[in-house]
$ cat input_26.cif   # mmCIF, C-alpha atoms, pLDDT in the B column; chains and numbers go by the auth columns
data_upload
loop_
_atom_site.group_PDB
_atom_site.id
_atom_site.type_symbol
_atom_site.label_atom_id
_atom_site.label_comp_id
_atom_site.label_asym_id
_atom_site.label_seq_id
_atom_site.Cartn_x
_atom_site.Cartn_y
_atom_site.Cartn_z
_atom_site.B_iso_or_equiv
_atom_site.auth_seq_id
_atom_site.auth_asym_id
ATOM 1 C CA MET A 1 -34.312 44.479 -66.768 43.00 182 A
ATOM 2 C CA GLU A 2 -30.788 45.067 -65.663 43.00 183 A
ATOM 3 C CA ALA A 3 -28.675 41.957 -65.603 44.00 184 A
ATOM 4 C CA THR A 4 -25.959 41.880 -63.046 46.00 185 A
ATOM 5 C CA SER A 5 -23.416 39.168 -62.926 45.00 186 A
ATOM 6 C CA GLU A 6 -23.900 38.579 -59.226 46.00 187 A
ATOM 7 C CA PRO A 7 -24.053 34.878 -58.614 46.00 188 A
ATOM 8 C CA PRO A 8 -27.290 33.685 -57.044 46.00 189 A
ATOM 9 C CA LEU A 9 -27.026 34.198 -53.314 45.00 190 A
ATOM 10 C CA ASP A 10 -26.334 31.186 -51.243 46.00 191 A
ATOM 11 C CA ALA A 11 -28.286 32.850 -48.522 48.00 192 A
ATOM 12 C CA LYS A 12 -31.354 31.852 -46.629 53.00 193 A
ATOM 13 C CA SER A 13 -33.313 34.997 -47.441 55.00 194 A
ATOM 14 C CA ASP A 14 -34.444 35.712 -50.978 60.00 195 A
ATOM 15 C CA VAL A 15 -34.110 39.446 -51.016 74.00 196 A
ATOM 16 C CA THR A 16 -31.107 41.664 -50.523 83.00 197 A
ATOM 17 C CA ASN A 17 -31.938 44.901 -48.813 88.00 198 A
ATOM 18 C CA GLN A 18 -30.236 48.246 -48.654 89.00 199 A
ATOM 19 C CA LEU A 19 -29.584 49.740 -45.281 89.00 200 A
ATOM 20 C CA VAL A 20 -31.384 53.056 -44.996 88.00 201 A
ATOM 21 C CA ASP A 21 -30.841 53.888 -41.354 90.00 202 A
ATOM 22 C CA PHE A 22 -28.969 52.442 -38.390 90.00 203 A
ATOM 23 C CA GLN A 23 -29.877 53.509 -34.867 92.00 204 A
ATOM 24 C CA TRP A 24 -28.417 52.082 -31.717 92.00 205 A
ATOM 25 C CA LYS A 25 -28.640 52.316 -27.985 90.00 206 A
ATOM 26 C CA LEU A 26 -26.622 50.879 -25.190 90.00 207 A
ATOM 27 C CA GLY A 27 -28.786 49.519 -22.392 89.00 208 A
ATOM 28 C CA MET A 28 -28.321 47.821 -19.073 89.00 209 A
ATOM 29 C CA ALA A 29 -30.733 45.111 -18.016 88.00 210 A
ATOM 30 C CA VAL A 30 -30.883 45.438 -14.259 88.00 211 A
ATOM 31 C CA SER A 31 -33.437 42.881 -13.135 87.00 212 A
ATOM 32 C CA SER A 32 -36.513 41.002 -14.280 86.00 213 A
ATOM 33 C CA ASP A 33 -39.266 38.846 -12.912 83.00 214 A
ATOM 34 C CA THR A 34 -37.162 35.737 -13.459 81.00 215 A
ATOM 35 C CA CYS A 35 -33.885 37.156 -12.228 85.00 216 A
ATOM 36 C CA ARG A 36 -33.470 39.820 -9.582 86.00 217 A
ATOM 37 C CA SER A 37 -29.890 40.454 -10.464 87.00 218 A
ATOM 38 C CA LEU A 38 -29.419 40.482 -14.233 85.00 219 A
ATOM 39 C CA LYS A 39 -26.839 43.240 -14.513 84.00 220 A
ATOM 40 C CA TYR A 40 -25.900 42.861 -18.116 86.00 221 A
ATOM 41 C CA PRO A 41 -25.218 45.544 -20.689 88.00 222 A
ATOM 42 C CA TYR A 42 -26.538 45.072 -24.216 90.00 223 A
ATOM 43 C CA VAL A 43 -26.582 46.882 -27.527 91.00 224 A
ATOM 44 C CA ALA A 44 -30.017 47.379 -29.095 92.00 225 A
ATOM 45 C CA VAL A 45 -30.062 48.093 -32.800 92.00 226 A
ATOM 46 C CA MET A 46 -32.832 49.391 -35.030 93.00 227 A
ATOM 47 C CA LEU A 47 -32.247 48.990 -38.741 92.00 228 A
ATOM 48 C CA LYS A 48 -34.371 50.529 -41.457 93.00 229 A
ATOM 49 C CA VAL A 49 -33.950 48.507 -44.625 92.00 230 A
ATOM 50 C CA ALA A 50 -35.344 48.959 -48.122 91.00 231 A
ATOM 51 C CA ASP A 51 -35.893 46.127 -50.555 88.00 232 A
ATOM 52 C CA HIS A 52 -35.773 46.385 -54.366 84.00 233 A
ATOM 53 C CA SER A 53 -39.269 47.812 -54.572 87.00 234 A
ATOM 54 C CA GLY A 54 -38.354 50.579 -52.145 85.00 235 A
ATOM 55 C CA GLN A 55 -40.493 49.231 -49.349 89.00 236 A
ATOM 56 C CA VAL A 56 -38.947 50.116 -46.013 90.00 237 A
ATOM 57 C CA LYS A 57 -39.056 47.761 -43.063 90.00 238 A
ATOM 58 C CA THR A 58 -37.790 48.202 -39.538 91.00 239 A
ATOM 59 C CA LYS A 59 -35.839 45.453 -37.820 91.00 240 A
ATOM 60 C CA CYS A 60 -34.876 45.565 -34.177 91.00 241 A
ATOM 61 C CA PHE A 61 -32.562 43.254 -32.344 92.00 242 A
ATOM 62 C CA GLU A 62 -30.231 43.060 -29.372 91.00 243 A
ATOM 63 C CA MET A 63 -26.719 41.846 -28.818 89.00 244 A
ATOM 64 C CA THR A 64 -24.702 41.166 -25.738 85.00 245 A
ATOM 65 C CA ILE A 65 -21.412 43.009 -25.492 85.00 246 A
ATOM 66 C CA PRO A 66 -19.265 39.959 -26.375 81.00 247 A
ATOM 67 C CA GLN A 67 -21.482 39.378 -29.426 81.00 248 A
ATOM 68 C CA PHE A 68 -21.063 42.979 -30.493 81.00 249 A
ATOM 69 C CA GLN A 69 -17.307 42.820 -30.162 80.00 250 A
ATOM 70 C CA MET B 1 -37.240 9.183 7.600 40.00 109 B
ATOM 71 C CA ALA B 2 -35.072 7.995 4.761 44.00 110 B
ATOM 72 C CA ALA B 3 -32.841 11.026 5.030 48.00 111 B
ATOM 73 C CA GLY B 4 -29.856 8.935 4.076 53.00 112 B
ATOM 74 C CA GLU B 5 -31.322 8.298 0.642 58.00 113 B
ATOM 75 C CA LEU B 6 -31.763 11.992 0.024 64.00 114 B
ATOM 76 C CA GLU B 7 -28.132 12.750 0.755 61.00 115 B
ATOM 77 C CA GLY B 8 -25.852 14.434 -1.726 58.00 116 B
ATOM 78 C CA GLY B 9 -23.668 12.739 -4.245 73.00 117 B
ATOM 79 C CA LYS B 10 -24.431 11.696 -7.781 81.00 118 B
ATOM 80 C CA PRO B 11 -28.243 11.683 -7.634 90.00 119 B
ATOM 81 C CA LEU B 12 -28.301 15.249 -6.327 92.00 120 B
ATOM 82 C CA SER B 13 -25.903 16.386 -9.021 92.00 121 B
ATOM 83 C CA GLY B 14 -28.128 14.799 -11.623 92.00 122 B
ATOM 84 C CA LEU B 15 -31.184 16.353 -10.038 93.00 123 B
ATOM 85 C CA LEU B 16 -29.704 19.858 -10.092 93.00 124 B
ATOM 86 C CA ASN B 17 -28.753 19.381 -13.720 92.00 125 B
ATOM 87 C CA ALA B 18 -32.278 18.324 -14.623 93.00 126 B
ATOM 88 C CA LEU B 19 -33.769 21.214 -12.620 93.00 127 B
ATOM 89 C CA ALA B 20 -31.530 23.657 -14.475 93.00 128 B
ATOM 90 C CA GLN B 21 -32.574 22.184 -17.821 92.00 129 B
ATOM 91 C CA ASP B 22 -36.209 22.538 -16.870 91.00 130 B
ATOM 92 C CA THR B 23 -36.170 25.914 -15.102 89.00 131 B
ATOM 93 C CA PHE B 24 -33.596 27.848 -17.109 88.00 132 B
ATOM 94 C CA HIS B 25 -32.857 26.162 -20.392 86.00 133 B
ATOM 95 C CA GLY B 26 -36.454 25.335 -21.278 83.00 134 B
ATOM 96 C CA TYR B 27 -35.923 21.639 -21.845 86.00 135 B
ATOM 97 C CA PRO B 28 -39.342 20.012 -22.070 86.00 136 B
ATOM 98 C CA GLY B 29 -40.700 16.899 -20.407 89.00 137 B
ATOM 99 C CA ILE B 30 -38.851 16.886 -17.112 90.00 138 B
ATOM 100 C CA THR B 31 -41.472 15.741 -14.646 91.00 139 B
ATOM 101 C CA GLU B 32 -41.307 15.060 -10.938 91.00 140 B
ATOM 102 C CA GLU B 33 -42.051 11.388 -11.494 91.00 141 B
ATOM 103 C CA LEU B 34 -39.324 11.080 -14.120 92.00 142 B
ATOM 104 C CA LEU B 35 -36.784 12.572 -11.761 92.00 143 B
ATOM 105 C CA ARG B 36 -37.852 10.454 -8.839 92.00 144 B
ATOM 106 C CA SER B 37 -37.849 7.186 -10.734 91.00 145 B
ATOM 107 C CA GLN B 38 -34.517 7.887 -12.439 90.00 146 B
ATOM 108 C CA LEU B 39 -32.580 9.401 -9.560 91.00 147 B
ATOM 109 C CA TYR B 40 -34.311 8.493 -6.310 90.00 148 B
ATOM 110 C CA PRO B 41 -36.279 5.306 -6.987 91.00 149 B
ATOM 111 C CA GLU B 42 -36.139 4.257 -3.315 91.00 150 B
ATOM 112 C CA VAL B 43 -37.819 7.441 -2.130 90.00 151 B
ATOM 113 C CA ALA B 44 -41.602 7.682 -1.904 91.00 152 B
ATOM 114 C CA PRO B 45 -43.325 10.333 -4.037 91.00 153 B
ATOM 115 C CA GLU B 46 -44.755 12.171 -0.982 92.00 154 B
ATOM 116 C CA GLU B 47 -41.282 12.523 0.398 91.00 155 B
ATOM 117 C CA PHE B 48 -39.655 13.380 -2.892 92.00 156 B
ATOM 118 C CA ARG B 49 -42.017 16.212 -3.719 93.00 157 B
ATOM 119 C CA PRO B 50 -41.010 18.612 -0.896 93.00 158 B
ATOM 120 C CA PHE B 51 -37.359 17.683 -1.403 92.00 159 B
ATOM 121 C CA LEU B 52 -37.583 18.575 -5.083 93.00 160 B
ATOM 122 C CA ALA B 53 -39.364 21.834 -4.273 93.00 161 B
ATOM 123 C CA LYS B 54 -36.669 22.722 -1.767 93.00 162 B
ATOM 124 C CA MET B 55 -33.848 22.087 -4.232 94.00 163 B
ATOM 125 C CA ARG B 56 -35.607 23.986 -6.987 94.00 164 B
ATOM 126 C CA GLY B 57 -36.183 26.915 -4.633 93.00 165 B
ATOM 127 C CA ILE B 58 -32.544 27.002 -3.592 94.00 166 B
ATOM 128 C CA LEU B 59 -31.326 26.864 -7.183 93.00 167 B
ATOM 129 C CA LYS B 60 -33.704 29.636 -8.219 92.00 168 B
ATOM 130 C CA SER B 61 -32.594 31.854 -5.325 93.00 169 B
ATOM 131 C CA ILE B 62 -28.945 31.387 -6.190 93.00 170 B
ATOM 132 C CA ALA B 63 -29.531 32.094 -9.883 92.00 171 B
ATOM 133 C CA SER B 64 -31.844 35.020 -9.280 90.00 172 B
ATOM 134 C CA ALA B 65 -29.329 36.783 -7.077 90.00 173 B
ATOM 135 C CA ASP B 66 -26.477 35.769 -9.370 89.00 174 B
ATOM 136 C CA MET B 67 -24.515 34.874 -6.264 91.00 175 B
ATOM 137 C CA ASP B 68 -20.781 35.140 -6.215 90.00 176 B
ATOM 138 C CA PHE B 69 -18.859 32.538 -4.282 91.00 177 B
ATOM 139 C CA ASN B 70 -18.884 34.422 -0.981 93.00 178 B
ATOM 140 C CA GLN B 71 -22.615 34.991 -1.139 93.00 179 B
ATOM 141 C CA LEU B 72 -23.091 31.352 -2.148 94.00 180 B
ATOM 142 C CA GLU B 73 -21.158 30.024 0.848 94.00 181 B
ATOM 143 C CA ALA B 74 -23.037 32.307 3.233 95.00 182 B
ATOM 144 C CA PHE B 75 -26.377 31.354 1.731 95.00 183 B
ATOM 145 C CA LEU B 76 -25.709 27.617 1.784 94.00 184 B
ATOM 146 C CA THR B 77 -24.362 27.741 5.334 94.00 185 B
ATOM 147 C CA ALA B 78 -27.562 29.467 6.416 94.00 186 B
ATOM 148 C CA GLN B 79 -29.573 26.747 4.662 93.00 187 B
ATOM 149 C CA THR B 80 -27.733 24.029 6.593 93.00 188 B
ATOM 150 C CA LYS B 81 -28.603 25.707 9.882 93.00 189 B
ATOM 151 C CA LYS B 82 -32.301 26.067 9.056 90.00 190 B
ATOM 152 C CA GLN B 83 -35.002 23.745 10.325 88.00 191 B
ATOM 153 C CA GLY B 84 -35.821 21.465 7.380 86.00 192 B
ATOM 154 C CA GLY B 85 -32.855 22.845 5.497 90.00 193 B
ATOM 155 C CA ILE B 86 -30.081 20.966 3.760 91.00 194 B
ATOM 156 C CA THR B 87 -27.168 18.853 4.915 91.00 195 B
ATOM 157 C CA SER B 88 -23.579 19.985 4.530 91.00 196 B
ATOM 158 C CA ASP B 89 -23.026 17.232 1.950 91.00 197 B
ATOM 159 C CA GLN B 90 -25.910 18.591 -0.075 92.00 198 B
ATOM 160 C CA ALA B 91 -24.529 22.109 0.321 93.00 199 B
ATOM 161 C CA ALA B 92 -21.218 20.939 -1.115 93.00 200 B
ATOM 162 C CA VAL B 93 -22.901 19.380 -4.149 93.00 201 B
ATOM 163 C CA ILE B 94 -24.980 22.509 -4.775 94.00 202 B
ATOM 164 C CA SER B 95 -21.914 24.715 -4.442 94.00 203 B
ATOM 165 C CA LYS B 96 -19.972 22.617 -6.935 94.00 204 B
ATOM 166 C CA PHE B 97 -22.920 22.627 -9.319 95.00 205 B
ATOM 167 C CA TRP B 98 -23.358 26.406 -9.272 95.00 206 B
ATOM 168 C CA LYS B 99 -19.666 27.009 -9.807 93.00 207 B
ATOM 169 C CA SER B 100 -19.595 24.916 -12.959 93.00 208 B
ATOM 170 C CA HIS B 101 -23.015 25.886 -14.376 94.00 209 B
ATOM 171 C CA LYS B 102 -23.302 29.517 -13.365 92.00 210 B
ATOM 172 C CA THR B 103 -22.278 30.975 -16.706 90.00 211 B
ATOM 173 C CA LYS B 104 -24.594 28.826 -18.757 91.00 212 B
ATOM 174 C CA ILE B 105 -27.566 29.445 -16.456 92.00 213 B
ATOM 175 C CA ARG B 106 -26.914 33.166 -16.498 89.00 214 B
ATOM 176 C CA GLU B 107 -26.838 33.130 -20.268 86.00 215 B
ATOM 177 C CA SER B 108 -30.206 31.377 -20.360 87.00 216 B
ATOM 178 C CA LEU B 109 -31.676 33.918 -17.959 88.00 217 B
ATOM 179 C CA MET B 110 -30.394 36.716 -20.158 85.00 218 B
ATOM 180 C CA ASN B 111 -31.947 35.115 -23.238 83.00 219 B
ATOM 181 C CA GLN B 112 -35.265 34.629 -21.471 83.00 220 B
ATOM 182 C CA SER B 113 -35.439 38.277 -20.500 83.00 221 B
ATOM 183 C CA ARG B 114 -34.728 39.547 -23.990 84.00 222 B
ATOM 184 C CA TRP B 115 -38.028 40.124 -25.719 83.00 223 B
ATOM 185 C CA ASN B 116 -36.666 41.560 -28.930 86.00 224 B
ATOM 186 C CA SER B 117 -34.911 39.402 -31.458 89.00 225 B
ATOM 187 C CA GLY B 118 -31.355 38.557 -30.671 89.00 226 B
ATOM 188 C CA LEU B 119 -28.506 38.291 -33.115 89.00 227 B
ATOM 189 C CA ARG B 120 -27.945 34.592 -33.587 88.00 228 B
ATOM 190 C CA GLY B 121 -25.427 34.720 -36.374 89.00 229 B
ATOM 191 C CA LEU B 122 -23.754 36.835 -38.970 90.00 230 B
ATOM 192 C CA SER B 123 -22.132 35.866 -42.248 91.00 231 B
ATOM 193 C CA TRP B 124 -20.652 38.073 -44.887 91.00 232 B
ATOM 194 C CA ARG B 125 -18.950 38.041 -48.204 91.00 233 B
ATOM 195 C CA VAL B 126 -17.679 40.606 -50.653 89.00 234 B
ATOM 196 C CA ASP B 127 -18.756 40.371 -54.284 84.00 235 B
ATOM 197 C CA GLY B 128 -17.307 42.184 -57.232 80.00 236 B
ATOM 198 C CA LYS B 129 -20.128 43.435 -59.444 71.00 237 B
ATOM 199 C CA SER B 130 -18.614 43.341 -62.887 67.00 238 B
ATOM 200 C CA GLN B 131 -21.107 44.959 -65.158 64.00 239 B
ATOM 201 C CA SER B 132 -24.703 45.716 -65.829 63.00 240 B
ATOM 202 C CA ARG B 133 -26.520 46.752 -68.973 65.00 241 B
ATOM 203 C CA HIS B 134 -26.980 50.386 -68.027 64.00 242 B
ATOM 204 C CA SER B 135 -23.752 51.291 -66.363 63.00 243 B
ATOM 205 C CA ALA B 136 -20.170 50.343 -66.850 63.00 244 B
ATOM 206 C CA GLN B 137 -19.388 49.669 -63.228 59.00 245 B
ATOM 207 C CA ILE B 138 -16.492 47.341 -63.306 64.00 246 B
ATOM 208 C CA HIS B 139 -15.364 45.509 -60.220 69.00 247 B
ATOM 209 C CA THR B 140 -17.365 47.561 -57.770 78.00 248 B
ATOM 210 C CA PRO B 141 -17.035 45.663 -54.559 84.00 249 B
ATOM 211 C CA VAL B 142 -20.245 45.018 -52.711 87.00 250 B
ATOM 212 C CA ALA B 143 -20.410 43.650 -49.204 90.00 251 B
ATOM 213 C CA ILE B 144 -23.250 41.277 -48.517 91.00 252 B
ATOM 214 C CA ILE B 145 -24.113 40.596 -44.923 91.00 253 B
ATOM 215 C CA GLU B 146 -26.605 38.055 -43.724 92.00 254 B
ATOM 216 C CA LEU B 147 -27.948 38.501 -40.209 91.00 255 B
ATOM 217 C CA GLU B 148 -29.643 35.645 -38.429 92.00 256 B
ATOM 218 C CA LEU B 149 -32.156 37.048 -35.953 92.00 257 B
ATOM 219 C CA GLY B 150 -34.480 35.267 -33.602 90.00 258 B
ATOM 220 C CA LYS B 151 -36.633 35.627 -30.553 87.00 259 B
ATOM 221 C CA TYR B 152 -36.325 33.289 -27.588 81.00 260 B
ATOM 222 C CA GLY B 153 -37.953 29.986 -28.447 78.00 261 B
ATOM 223 C CA GLN B 154 -38.736 30.964 -32.033 85.00 262 B
ATOM 224 C CA GLU B 155 -37.224 30.101 -35.374 88.00 263 B
ATOM 225 C CA SER B 156 -34.628 32.307 -36.975 90.00 264 B
ATOM 226 C CA GLU B 157 -35.338 35.028 -39.465 90.00 265 B
ATOM 227 C CA PHE B 158 -32.687 35.954 -42.019 91.00 266 B
ATOM 228 C CA LEU B 159 -31.984 39.482 -43.140 91.00 267 B
ATOM 229 C CA CYS B 160 -29.721 40.078 -46.098 91.00 268 B
ATOM 230 C CA LEU B 161 -28.111 43.479 -46.543 92.00 269 B
ATOM 231 C CA GLU B 162 -25.981 44.955 -49.267 89.00 270 B
ATOM 232 C CA PHE B 163 -23.388 47.685 -48.728 87.00 271 B
ATOM 233 C CA ASP B 164 -20.989 49.567 -50.916 87.00 272 B
ATOM 234 C CA GLU B 165 -17.666 50.769 -49.554 88.00 273 B
ATOM 235 C CA VAL B 166 -19.024 54.139 -48.481 89.00 274 B
ATOM 236 C CA LYS B 167 -21.763 52.518 -46.453 89.00 275 B
ATOM 237 C CA VAL B 168 -19.343 50.070 -44.893 89.00 276 B
ATOM 238 C CA ASN B 169 -17.197 52.924 -43.675 90.00 277 B
ATOM 239 C CA GLN B 170 -20.234 54.716 -42.272 90.00 278 B
ATOM 240 C CA ILE B 171 -21.256 51.593 -40.385 89.00 279 B
ATOM 241 C CA LEU B 172 -17.742 51.089 -39.054 90.00 280 B
ATOM 242 C CA LYS B 173 -17.751 54.667 -37.793 91.00 281 B
ATOM 243 C CA THR B 174 -21.090 54.099 -36.051 90.00 282 B
ATOM 244 C CA LEU B 175 -19.835 50.857 -34.534 90.00 283 B
ATOM 245 C CA SER B 176 -16.803 52.564 -33.077 91.00 284 B
ATOM 246 C CA GLU B 177 -19.119 55.146 -31.494 91.00 285 B
ATOM 247 C CA VAL B 178 -20.967 52.268 -29.879 90.00 286 B
ATOM 248 C CA GLU B 179 -17.670 50.740 -28.758 89.00 287 B
ATOM 249 C CA GLU B 180 -16.677 54.039 -27.145 89.00 288 B
ATOM 250 C CA SER B 181 -19.982 54.196 -25.319 88.00 289 B
ATOM 251 C CA ILE B 182 -19.510 50.649 -24.060 86.00 290 B
ATOM 252 C CA SER B 183 -16.029 51.430 -22.756 87.00 291 B
ATOM 253 C CA THR B 184 -17.375 54.437 -20.902 85.00 292 B
ATOM 254 C CA LEU B 185 -20.168 52.386 -19.375 81.00 293 B
ATOM 255 C CA ILE B 186 -17.897 49.548 -18.319 76.00 294 B
ATOM 256 C CA SER B 187 -15.271 51.804 -16.841 77.00 295 B
ATOM 257 C CA GLN B 188 -17.835 53.504 -14.616 72.00 296 B
ATOM 258 C CA PRO B 189 -18.002 51.980 -11.179 62.00 297 B
ATOM 259 C CA ASN B 190 -21.472 50.709 -10.367 54.00 298 B
#
$ encode --input "input_26.cif" --output "structure tokens"
Amino acid sequence: MEATSEPPLDAKSDVTNQLVDFQWKLGMAVSSDTCRSLKYPYVAVMLKVADHSGQVKTKCFEMTIPQFQ
Amino acid sequence: MAAGELEGGKPLSGLLNALAQDTFHGYPGITEELLRSQLYPEVAPEEFRPFLAKMRGILKSIASADMDFNQLEAFLTAQTKKQGGITSDQAAVISKFWKSHKTKIRESLMNQSRWNSGLRGLSWRVDGKSQSRHSAQIHTPVAIIELELGKYGQESEFLCLEFDEVKVNQILKTLSEVEESISTLISQPN
């Protein structure tokens, strides 16, 4: 087994993944049942990530524009 | 009718705050009886109930239409002229409340309408991989990014990603494409 000298990650997830694919779209939320006048743009991201075993998972999430910037 | 006791001022401000917590920010446990006993103890429950409903309705209308200040003034003026509407003192309190809480309420509405995970946080660091048994990579920098994702009302999920320099540059290029798209969208009149 390969030994790297990476220190143990101080992170909250156990596995580090490789990014396989990054897709994005820019959307505009116009209105919803709780708010007739939403009018906010957002960035939706779909990541395909592979863990050490090669298993690929898809993760989707959204950001507001200020978050993105 | 104890209209005087339902006037504006501090109790109404407190009431609007509590209504916002309940309706928009999802704060649990805010009941009609709690509000009445804390803010309007002199008012009978049968009288308080329609008053509360009226205030909640007004707040929801204002938030739903995301009223700007002109729309707000017009709306509140109309409410003061209505039968069973509000007093001008109450209108002033509501106006002041919306002006100071608008941004936060809007943010909550945005969060509520997002059904995918949202990005709650991002941390990163750069490691230098010094060596491994099978290859002599010395000081290859590796970027490690931890994304904190979560759906509205649910606990966070953490996603840890590793990138070499080539990947980082690819991502940066993609991000600037997104940035360009955003600028185009924002500069378009709607």
$ atom_distance --input "input_26.cif" --atom1 "atom CA of Gln204 of chain A" --atom2 "atom CA of Val226 of chain A"
5.8 Å
$ residues_around --input "input_26.cif" --residues "Leu180 of chain B" --least-positions-apart "5" --cutoff "9 Å" --atoms "all atoms listed in the file" --output "list in words"
Ile170, Met175, Thr185, Ser203 and Trp206 of chain B
$ closest_atom_pairs --input "input_26.cif" --of "chain B" --to "chain A" --cutoff "6 Å" --atoms "all atoms listed in the file" --output "JSON lines"
{"residue": "B:Ser172", "atom": "CA", "partner": "A:Cys216", "partner_atom": "CA", "distance": 4.2}
{"residue": "B:Ala173", "atom": "CA", "partner": "A:Ser218", "partner_atom": "CA", "distance": 5.0}
{"residue": "B:Asp174", "atom": "CA", "partner": "A:Ser218", "partner_atom": "CA", "distance": 5.9}
{"residue": "B:Asn224", "atom": "CA", "partner": "A:Phe242", "partner_atom": "CA", "distance": 5.6}
{"residue": "B:Ser225", "atom": "CA", "partner": "A:Phe242", "partner_atom": "CA", "distance": 4.6}
{"residue": "B:Gly226", "atom": "CA", "partner": "A:Glu243", "partner_atom": "CA", "distance": 4.8}
{"residue": "B:Leu227", "atom": "CA", "partner": "A:Met244", "partner_atom": "CA", "distance": 5.9}
{"residue": "B:Ser240", "atom": "CA", "partner": "A:Thr185", "partner_atom": "CA", "distance": 4.9}
{"residue": "B:Arg241", "atom": "CA", "partner": "A:Glu183", "partner_atom": "CA", "distance": 5.7}
{"residue": "B:Phe266", "atom": "CA", "partner": "A:Ser194", "partner_atom": "CA", "distance": 5.5}
{"residue": "B:Cys268", "atom": "CA", "partner": "A:Thr197", "partner_atom": "CA", "distance": 4.9}
{"residue": "B:Leu269", "atom": "CA", "partner": "A:Asn198", "partner_atom": "CA", "distance": 4.7}
{"residue": "B:Glu270", "atom": "CA", "partner": "A:Gln199", "partner_atom": "CA", "distance": 5.4}
$ write_last_selection --input "input_26.cif" --atoms "C-alpha atoms" --output "PDB file, in the coordinates of the input"
ATOM      1  CA  SER B 172     -31.844  35.020  -9.280  1.00 90.00           C
ATOM      2  CA  ALA B 173     -29.329  36.783  -7.077  1.00 90.00           C
ATOM      3  CA  ASP B 174     -26.477  35.769  -9.370  1.00 89.00           C
ATOM      4  CA  ASN B 224     -36.666  41.560 -28.930  1.00 86.00           C
ATOM      5  CA  SER B 225     -34.911  39.402 -31.458  1.00 89.00           C
ATOM      6  CA  GLY B 226     -31.355  38.557 -30.671  1.00 89.00           C
ATOM      7  CA  LEU B 227     -28.506  38.291 -33.115  1.00 89.00           C
ATOM      8  CA  SER B 240     -24.703  45.716 -65.829  1.00 63.00           C
ATOM      9  CA  ARG B 241     -26.520  46.752 -68.973  1.00 65.00           C
ATOM     10  CA  PHE B 266     -32.687  35.954 -42.019  1.00 91.00           C
ATOM     11  CA  CYS B 268     -29.721  40.078 -46.098  1.00 91.00           C
ATOM     12  CA  LEU B 269     -28.111  43.479 -46.543  1.00 92.00           C
ATOM     13  CA  GLU B 270     -25.981  44.955 -49.267  1.00 89.00           C
TER      14      GLU B 270
END
$ closest_residue --input "input_26.cif" --among "B:Asp130, B:Glu141, B:Glu256, B:Asp235" --to "Asp272 of chain B" --atoms "all atoms listed in the file"
B:Asp235
$ atom_distance --input "input_26.cif" --atom1 "atom CA of Ala128 of chain B" --atom2 "atom CA of Leu167 of chain B"
8.0 Å
$ closest_residue --input "input_26.cif" --among "B:Asn125, B:Thr195, B:Gln179, B:Ser231" --to "Ile213 of chain B" --atoms "only C-alpha atoms"
B:Asn125
$ atom_distance --input "input_26.cif" --atom1 "atom CA of Arg233 of chain B" --atom2 "atom CA of Ser284 of chain B"
21.1 Å
$ resolve_selection --input "input_26.cif" --expression "the PyMOL selection byres ((chain B and resi 201) around 9)" --output "list in words"
Gly116, Gly117, Lys118, Leu120, Ser121, Ser196, Asp197, Gln198, Ala199, Ala200, Ile202, Ser203, Lys204, Phe205 and Trp206 of chain B
$ closest_residue --input "input_26.cif" --among "B:Gly192, B:Pro136, B:Pro249, B:Pro149" --to "Val234 of chain B" --atoms "all atoms listed in the file"
B:Pro249
$ axis_aligned_box --input "input_26.cif" --around "segment 179-194 of chain B" --padding-each-side "3 Å" --output "AutoDock Vina command-line options"
--center_x -28.5 --center_y 28.0 --center_z 4.1 --size_x 20.7 --size_y 20.0 --size_z 18.5
$ residues_around --input "input_26.cif" --residues "Pro119 of chain B" --least-positions-apart "3" --cutoff "8 Å" --atoms "only C-alpha atoms" --output "list in words"
Gly116, Gly122, Leu123, Leu147 and Tyr148 of chain B
